[in-house]
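Enquirer: Below is one structure. I have some questions about it.
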Amino acid sequence: MKAISITRTRHRLLPDATRVLAKPFLPGEEILLPGQSRAHLLMERVLTIPEARVADLNAEVLQRFDGRHRDFTEILERQFDAVASYVDGRDRISAARRQLIGAYFTHEYSIEAAALFNPSIVLAPDQNGLPAGSIRFVMSLRAVGEGHLSSIEFRTGVLDADGGMNIDGVGPHLVGGQRSPPPRFYKRYFAAKLSELGAINELSTGVLERLDARFTLDELEASLSALQIHGPPAAIWFETTKIIRVLASSNYVTTFPADSQLSERVIFPAGPNETRGMEDARFVLFTDIDGSTKYYATYTAYDGFSILPQLIETDDFVRFTISTLNGAAAQNKGMALFPRTIDGKYFMLSRKDRENLHLSTSSDVHQWDDVAELYRPQQPWELLQIGNCGSPIETEAGWLVLTHGVGPMRRYAIGALLLDLKDPHRVLGHLPCPLIEPAEDEREGYVPNVAYTCGAIVHAGHLVVPYGFSDSGVAIASVGVPDLLEALLSGGSTD
């Protein structure tokens, strides 16, 4: 039985507190006597500042922060527009005061202040201008800042013909995406999710009946208004209306400046289900039956109380469509999409019961109902729970699935399974011991004793695995694919 050789590279990606994002800020909206919110009171105070003083204060803000952000004055103007409803006669307000108001309702957020970890890696959309045998990649990362709030950021780089890695430097300024509603909602998905949320009743049915099979946000609001005017008393329709609006807000599009570097773009929580974070994105380059490609990513939305699996779609890493996943199988953390259909069906790994690996199939990438158990923890290092570590990778021997197992002292390690190419419900082999464990110099961190990845890539005969260590930083490991496949089929070990 041949041992598997694991090579760790010199690369380290560590949190950098200087990477700051200018994001909207609203003071706590608790109501103060005689009833005004803190935002209203703040606006009143800013409006009393003499105009001569406004210019000096605004110049001071620009001097301190302009160089730290891309198009800083545009950010301030945009944030003023977001709170302009608090102002009477906004047209009479000077440009300097508008920007100063915007500054009071903006704050810097250090997206990596606490941690940077749990990467996934995919082939980049643009492969032009590379030496023979080299590929360009995109790596996603989970960044954690103040309040344990998670966002999604990116790195780029190149793997050369020999498997060597070069990671590009990051751009000078972080940029947030511009949020907008999707062009249209699909009524069948919307109704399915309302049913899962226990919100299908006479009122919501009445709202949906007024809508076409595909509808806009304005059309949804018009239907809600009709319900409010002609329907039952407010106390009855209030809760249903709230759930409908929350669901609509959980589906959105976020778009970045096309001339920004990918390493500058941050997908920051923007939906109500992710107010406390977007966790562990598993990106995959998906190839459709007709040969066309698209990037998908599953991630966990967290609102501080419950978790919800959601889906990201993009063609270019500039425009991202965010949507809810529906169905009985779309539960809990750790969903990972296969990179193509099998016999016309989508396949998804999941951990429906939070302890065991499951496999789900569907004819619709947004709706997941059919689910079956795939693999239970068997080895001591994974007995607490097992889950996937990213989308399966197609090899000539089968679907290669990286797993994470949790053992004594809540220690996380990375393992591997091999599934049949034609019928992924069949497990062809599994490693009896971990493939990657936290090294001694990787054990300390935000969450100690963890090795975890959200996706790997095969290049030049090697499986390249970027992984998070102890929820603090990112390291890179490389494994020979032939050796790994041989071990999986024979029950091998690692060294």
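Residue numbering restarts at 1 in every chain; chains get A, B, ... in the order shown in the structure tokens, and ligands count up from 1 in that same order.
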Per DSSP on the backbone, what are the alpha helix (DSSP H) residues of segment 17-91 of chain A, as a VMD selection string?

Expert: chain A and resid 38 to 47 51 to 65 72 to 83

Enquirer: Tell me, as a list in words, which residues lie within 12 Å of Ala372 of chain A, counting only C-alpha atoms; anything in the same chain fewer than 6 positions away does not count.

Expert: Ala328, Ala329, Phe347, Met348, Leu349, Ser350, Arg351, Lys352, Asp353, Asn356, Leu357, His358, Leu359, Ser360, Thr361, Pro424, His425 and Arg426 of chain A

Enquirer: Just N, CA and C atoms for this one: save the residues we selected as a PDB file, in the first residue's frame.

Expert:
```pdb
ATOM      1  N   ALA A 328     -36.497  20.356   0.170  1.00  0.00           N
ATOM      2  CA  ALA A 328     -36.208  19.654   1.419  1.00  0.00           C
ATOM      3  C   ALA A 328     -34.732  19.348   1.568  1.00  0.00           C
ATOM      4  N   ALA A 329     -33.999  19.207   0.450  1.00  0.00           N
ATOM      5  CA  ALA A 329     -32.575  18.895   0.519  1.00  0.00           C
ATOM      6  C   ALA A 329     -31.718  20.138   0.739  1.00  0.00           C
ATOM      7  N   PHE A 347     -26.415  17.299  -9.717  1.00  0.00           N
ATOM      8  CA  PHE A 347     -26.096  16.576  -8.487  1.00  0.00           C
ATOM      9  C   PHE A 347     -25.479  17.554  -7.493  1.00  0.00           C
ATOM     10  N   MET A 348     -25.812  17.363  -6.234  1.00  0.00           N
ATOM     11  CA  MET A 348     -25.324  18.250  -5.175  1.00  0.00           C
ATOM     12  C   MET A 348     -24.974  17.423  -3.941  1.00  0.00           C
ATOM     13  N   LEU A 349     -23.794  17.674  -3.389  1.00  0.00           N
ATOM     14  CA  LEU A 349     -23.454  17.118  -2.076  1.00  0.00           C
ATOM     15  C   LEU A 349     -24.046  18.009  -0.997  1.00  0.00           C
ATOM     16  N   SER A 350     -24.440  17.402   0.119  1.00  0.00           N
ATOM     17  CA  SER A 350     -24.971  18.201   1.220  1.00  0.00           C
ATOM     18  C   SER A 350     -24.726  17.472   2.538  1.00  0.00           C
ATOM     19  N   ARG A 351     -25.063  18.148   3.616  1.00  0.00           N
ATOM     20  CA  ARG A 351     -25.011  17.540   4.939  1.00  0.00           C
ATOM     21  C   ARG A 351     -26.349  17.833   5.617  1.00  0.00           C
ATOM     22  N   LYS A 352     -27.390  17.216   5.079  1.00  0.00           N
ATOM     23  CA  LYS A 352     -28.760  17.548   5.458  1.00  0.00           C
ATOM     24  C   LYS A 352     -29.018  17.409   6.960  1.00  0.00           C
ATOM     25  N   ASP A 353     -28.416  16.398   7.584  1.00  0.00           N
ATOM     26  CA  ASP A 353     -28.666  16.155   9.007  1.00  0.00           C
ATOM     27  C   ASP A 353     -27.556  16.670   9.910  1.00  0.00           C
ATOM     28  N   ASN A 356     -23.830  13.650   8.505  1.00  0.00           N
ATOM     29  CA  ASN A 356     -23.465  12.686   7.479  1.00  0.00           C
ATOM     30  C   ASN A 356     -23.499  13.331   6.097  1.00  0.00           C
ATOM     31  N   LEU A 357     -22.732  12.750   5.170  1.00  0.00           N
ATOM     32  CA  LEU A 357     -22.766  13.222   3.791  1.00  0.00           C
ATOM     33  C   LEU A 357     -24.017  12.715   3.086  1.00  0.00           C
ATOM     34  N   HIS A 358     -24.651  13.598   2.329  1.00  0.00           N
ATOM     35  CA  HIS A 358     -25.828  13.243   1.545  1.00  0.00           C
ATOM     36  C   HIS A 358     -25.601  13.632   0.090  1.00  0.00           C
ATOM     37  N   LEU A 359     -26.399  13.047  -0.787  1.00  0.00           N
ATOM     38  CA  LEU A 359     -26.342  13.342  -2.208  1.00  0.00           C
ATOM     39  C   LEU A 359     -27.747  13.657  -2.692  1.00  0.00           C
ATOM     40  N   SER A 360     -27.880  14.781  -3.363  1.00  0.00           N
ATOM     41  CA  SER A 360     -29.191  15.227  -3.849  1.00  0.00           C
ATOM     42  C   SER A 360     -29.146  15.347  -5.363  1.00  0.00           C
ATOM     43  N   THR A 361     -30.271  15.079  -6.005  1.00  0.00           N
ATOM     44  CA  THR A 361     -30.387  15.212  -7.455  1.00  0.00           C
ATOM     45  C   THR A 361     -31.579  16.099  -7.789  1.00  0.00           C
ATOM     46  N   PRO A 424     -22.997   8.483  -8.856  1.00  0.00           N
ATOM     47  CA  PRO A 424     -22.270   8.988  -7.685  1.00  0.00           C
ATOM     48  C   PRO A 424     -22.812   8.496  -6.340  1.00  0.00           C
ATOM     49  N   HIS A 425     -23.936   7.785  -6.344  1.00  0.00           N
ATOM     50  CA  HIS A 425     -24.404   7.199  -5.090  1.00  0.00           C
ATOM     51  C   HIS A 425     -23.483   6.053  -4.639  1.00  0.00           C
ATOM     52  N   ARG A 426     -22.665   5.528  -5.548  1.00  0.00           N
ATOM     53  CA  ARG A 426     -21.750   4.422  -5.244  1.00  0.00           C
ATOM     54  C   ARG A 426     -20.403   4.974  -4.782  1.00  0.00           C
TER      55      ARG A 426
END
```

Enquirer: Report, in Å to a single decimal, how far apart atom CA of Thr254 of chain A and atom CA of Thr240 of chain A are.

Expert: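 Going from atom CA of Thr240 of chain A over to atom CA of Thr254 of chain A covers 26.6 Å.
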
Enquirer: Near segment 450-464 of chain A, counting only C-alpha atoms, which residues have an atom at most 7 Å away, once you skip same-chain residues fewer than 6 positions from it, shown as a PyMOL selection string?

Expert: chain A and resi 118-122+161-163+280-282+389-391+404+411-414+437-438+443+470-471+477-481

Enquirer: Keeping N, CA and C atoms for every residue in the selection just given, could you write it to a file as a JSON list (two decimals), in the first residue's frame?

Expert:
```json
[["chain", "number", "residue", "atom", "x", "y", "z"],
["A", 118, "ASN", "N", -10.85, 29.44, 4.67],
["A", 118, "ASN", "CA", -11.81, 28.62, 3.93],
["A", 118, "ASN", "C", -11.93, 28.99, 2.44],
["A", 119, "PRO", "N", -10.83, 28.78, 1.69],
["A", 119, "PRO", "CA", -10.82, 29.15, 0.27],
["A", 119, "PRO", "C", -11.43, 28.08, -0.63],
["A", 120, "SER", "N", -11.85, 28.51, -1.81],
["A", 120, "SER", "CA", -12.11, 27.60, -2.93],
["A", 120, "SER", "C", -11.35, 28.13, -4.12],
["A", 121, "ILE", "N", -11.11, 27.30, -5.14],
["A", 121, "ILE", "CA", -10.29, 27.70, -6.28],
["A", 121, "ILE", "C", -10.88, 27.13, -7.57],
["A", 122, "VAL", "N", -10.94, 27.97, -8.61],
["A", 122, "VAL", "CA", -11.49, 27.56, -9.90],
["A", 122, "VAL", "C", -10.65, 28.16, -11.03],
["A", 161, "ALA", "N", 3.32, 25.20, -15.66],
["A", 161, "ALA", "CA", 3.28, 23.87, -16.26],
["A", 161, "ALA", "C", 3.77, 22.78, -15.32],
["A", 162, "ASP", "N", 4.59, 23.15, -14.34],
["A", 162, "ASP", "CA", 5.11, 22.18, -13.38],
["A", 162, "ASP", "C", 4.29, 22.14, -12.09],
["A", 163, "GLY", "N", 3.21, 22.91, -12.04],
["A", 163, "GLY", "CA", 2.38, 22.94, -10.84],
["A", 163, "GLY", "C", 2.77, 24.01, -9.85],
["A", 280, "ASP", "N", -18.34, 30.50, 3.77],
["A", 280, "ASP", "CA", -17.83, 29.30, 3.11],
["A", 280, "ASP", "C", -18.37, 29.08, 1.70],
["A", 281, "ALA", "N", -18.12, 30.03, 0.82],
["A", 281, "ALA", "CA", -18.55, 29.89, -0.58],
["A", 281, "ALA", "C", -17.75, 28.78, -1.26],
["A", 282, "ARG", "N", -18.47, 27.89, -1.93],
["A", 282, "ARG", "CA", -17.87, 26.79, -2.69],
["A", 282, "ARG", "C", -18.10, 27.07, -4.17],
["A", 389, "CYS", "N", -15.71, 19.14, 1.32],
["A", 389, "CYS", "CA", -14.78, 20.27, 1.27],
["A", 389, "CYS", "C", -14.76, 20.83, -0.15],
["A", 390, "GLY", "N", -15.93, 21.07, -0.72],
["A", 390, "GLY", "CA", -16.01, 21.66, -2.04],
["A", 390, "GLY", "C", -16.61, 20.72, -3.07],
["A", 391, "SER", "N", -16.78, 21.24, -4.26],
["A", 391, "SER", "CA", -17.41, 20.48, -5.35],
["A", 391, "SER", "C", -16.53, 19.30, -5.77],
["A", 404, "HIS", "N", -14.37, 16.91, 5.03],
["A", 404, "HIS", "CA", -13.80, 17.30, 6.31],
["A", 404, "HIS", "C", -14.40, 16.40, 7.38],
["A", 411, "ARG", "N", -11.31, 18.62, 16.47],
["A", 411, "ARG", "CA", -10.21, 18.83, 15.52],
["A", 411, "ARG", "C", -10.69, 18.51, 14.11],
["A", 412, "TYR", "N", -10.47, 19.43, 13.18],
["A", 412, "TYR", "CA", -10.89, 19.27, 11.79],
["A", 412, "TYR", "C", -9.71, 18.79, 10.94],
["A", 413, "ALA", "N", -9.96, 17.78, 10.09],
["A", 413, "ALA", "CA", -8.97, 17.32, 9.13],
["A", 413, "ALA", "C", -9.66, 17.07, 7.79],
["A", 414, "ILE", "N", -8.86, 17.05, 6.71],
["A", 414, "ILE", "CA", -9.39, 16.87, 5.36],
["A", 414, "ILE", "C", -9.14, 15.44, 4.90],
["A", 437, "GLU", "N", -3.89, 17.36, 7.62],
["A", 437, "GLU", "CA", -4.18, 17.70, 9.01],
["A", 437, "GLU", "C", -3.51, 19.02, 9.34],
["A", 438, "PRO", "N", -4.00, 19.75, 10.33],
["A", 438, "PRO", "CA", -3.31, 20.98, 10.71],
["A", 438, "PRO", "C", -1.90, 20.68, 11.20],
["A", 443, "ARG", "N", -1.85, 25.15, 14.15],
["A", 443, "ARG", "CA", -2.86, 24.75, 15.14],
["A", 443, "ARG", "C", -3.47, 25.93, 15.89],
["A", 470, "SER", "N", -6.96, 26.78, 11.14],
["A", 470, "SER", "CA", -7.42, 27.32, 12.42],
["A", 470, "SER", "C", -8.19, 28.63, 12.26],
["A", 471, "ASP", "N", -8.97, 28.72, 11.19],
["A", 471, "ASP", "CA", -9.82, 29.88, 10.92],
["A", 471, "ASP", "C", -9.04, 31.19, 11.03],
["A", 477, "ALA", "N", -1.52, 23.13, -0.19],
["A", 477, "ALA", "CA", -0.92, 21.80, -0.23],
["A", 477, "ALA", "C", -1.11, 21.21, -1.62],
["A", 478, "SER", "N", -0.20, 20.32, -2.02],
["A", 478, "SER", "CA", -0.26, 19.67, -3.33],
["A", 478, "SER", "C", -0.10, 18.17, -3.15],
["A", 479, "VAL", "N", -0.91, 17.42, -3.92],
["A", 479, "VAL", "CA", -0.94, 15.96, -3.82],
["A", 479, "VAL", "C", -0.92, 15.38, -5.23],
["A", 480, "GLY", "N", -0.11, 14.40, -5.48],
["A", 480, "GLY", "CA", -0.11, 13.73, -6.77],
["A", 480, "GLY", "C", -1.42, 13.00, -7.00],
["A", 481, "VAL", "N", -2.11, 13.29, -8.08],
["A", 481, "VAL", "CA", -3.41, 12.68, -8.34],
["A", 481, "VAL", "C", -3.31, 11.17, -8.50]]
```

Enquirer: Could you state the separation of atom CA of Leu337 of chain A and atom CA of Gly129 of chain A in Å, given to one decimal place?

Expert: 29.9 Å

Enquirer: Of the candidates A:Ile135, A:Val427, A:Leu227, A:Ile342, which one gets nearest to Glu373 of chain A if we count only C-alpha atoms?

Expert: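 The closest residue to Glu373 of chain A is A:Val427.
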
Enquirer: With distances taken over only C-alpha atoms, which of A:Ile436, A:Ala95, A:Leu285, A:Leu21 is nearest to Val175 of chain A?

Expert: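 Among A:Ile436, A:Ala95, A:Leu285, A:Leu21, it is A:Leu21 that comes nearest to Val175 of chain A.
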
Enquirer: Considering only C-alpha atoms, can you say which of A:Asp91, A:Asp81, A:Glu60, A:Glu219 comes closest to Ala248 of chain A?

Expert: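 Smallest distance to Ala248 of chain A is found for A:Glu219.
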
Enquirer: Could you list, as a PyMOL selection string, every residue within 7 Å of Asn58 of chain A, counting only C-alpha atoms and ignoring same-chain residues fewer than 3 positions away?

Expert: chain A and resi 54-55+61-62+96+99-100

Enquirer: Would you please work out which residue, of A:Ile200, A:Leu116, A:Val20, A:Leu220, is nearest to Arg68 of chain A when using only C-alpha atoms?

Expert: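 The closest residue to Arg68 of chain A is A:Val20.
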
Enquirer: Write out as a VMD selection string each polymer residue whose atoms come within 7 Å of Thr298 of chain A, counting only C-alpha atoms; drop sequence neighbours fewer than 3 positions from it.

Expert: chain A and resid 281 to 283 309 to 312 335 to 336
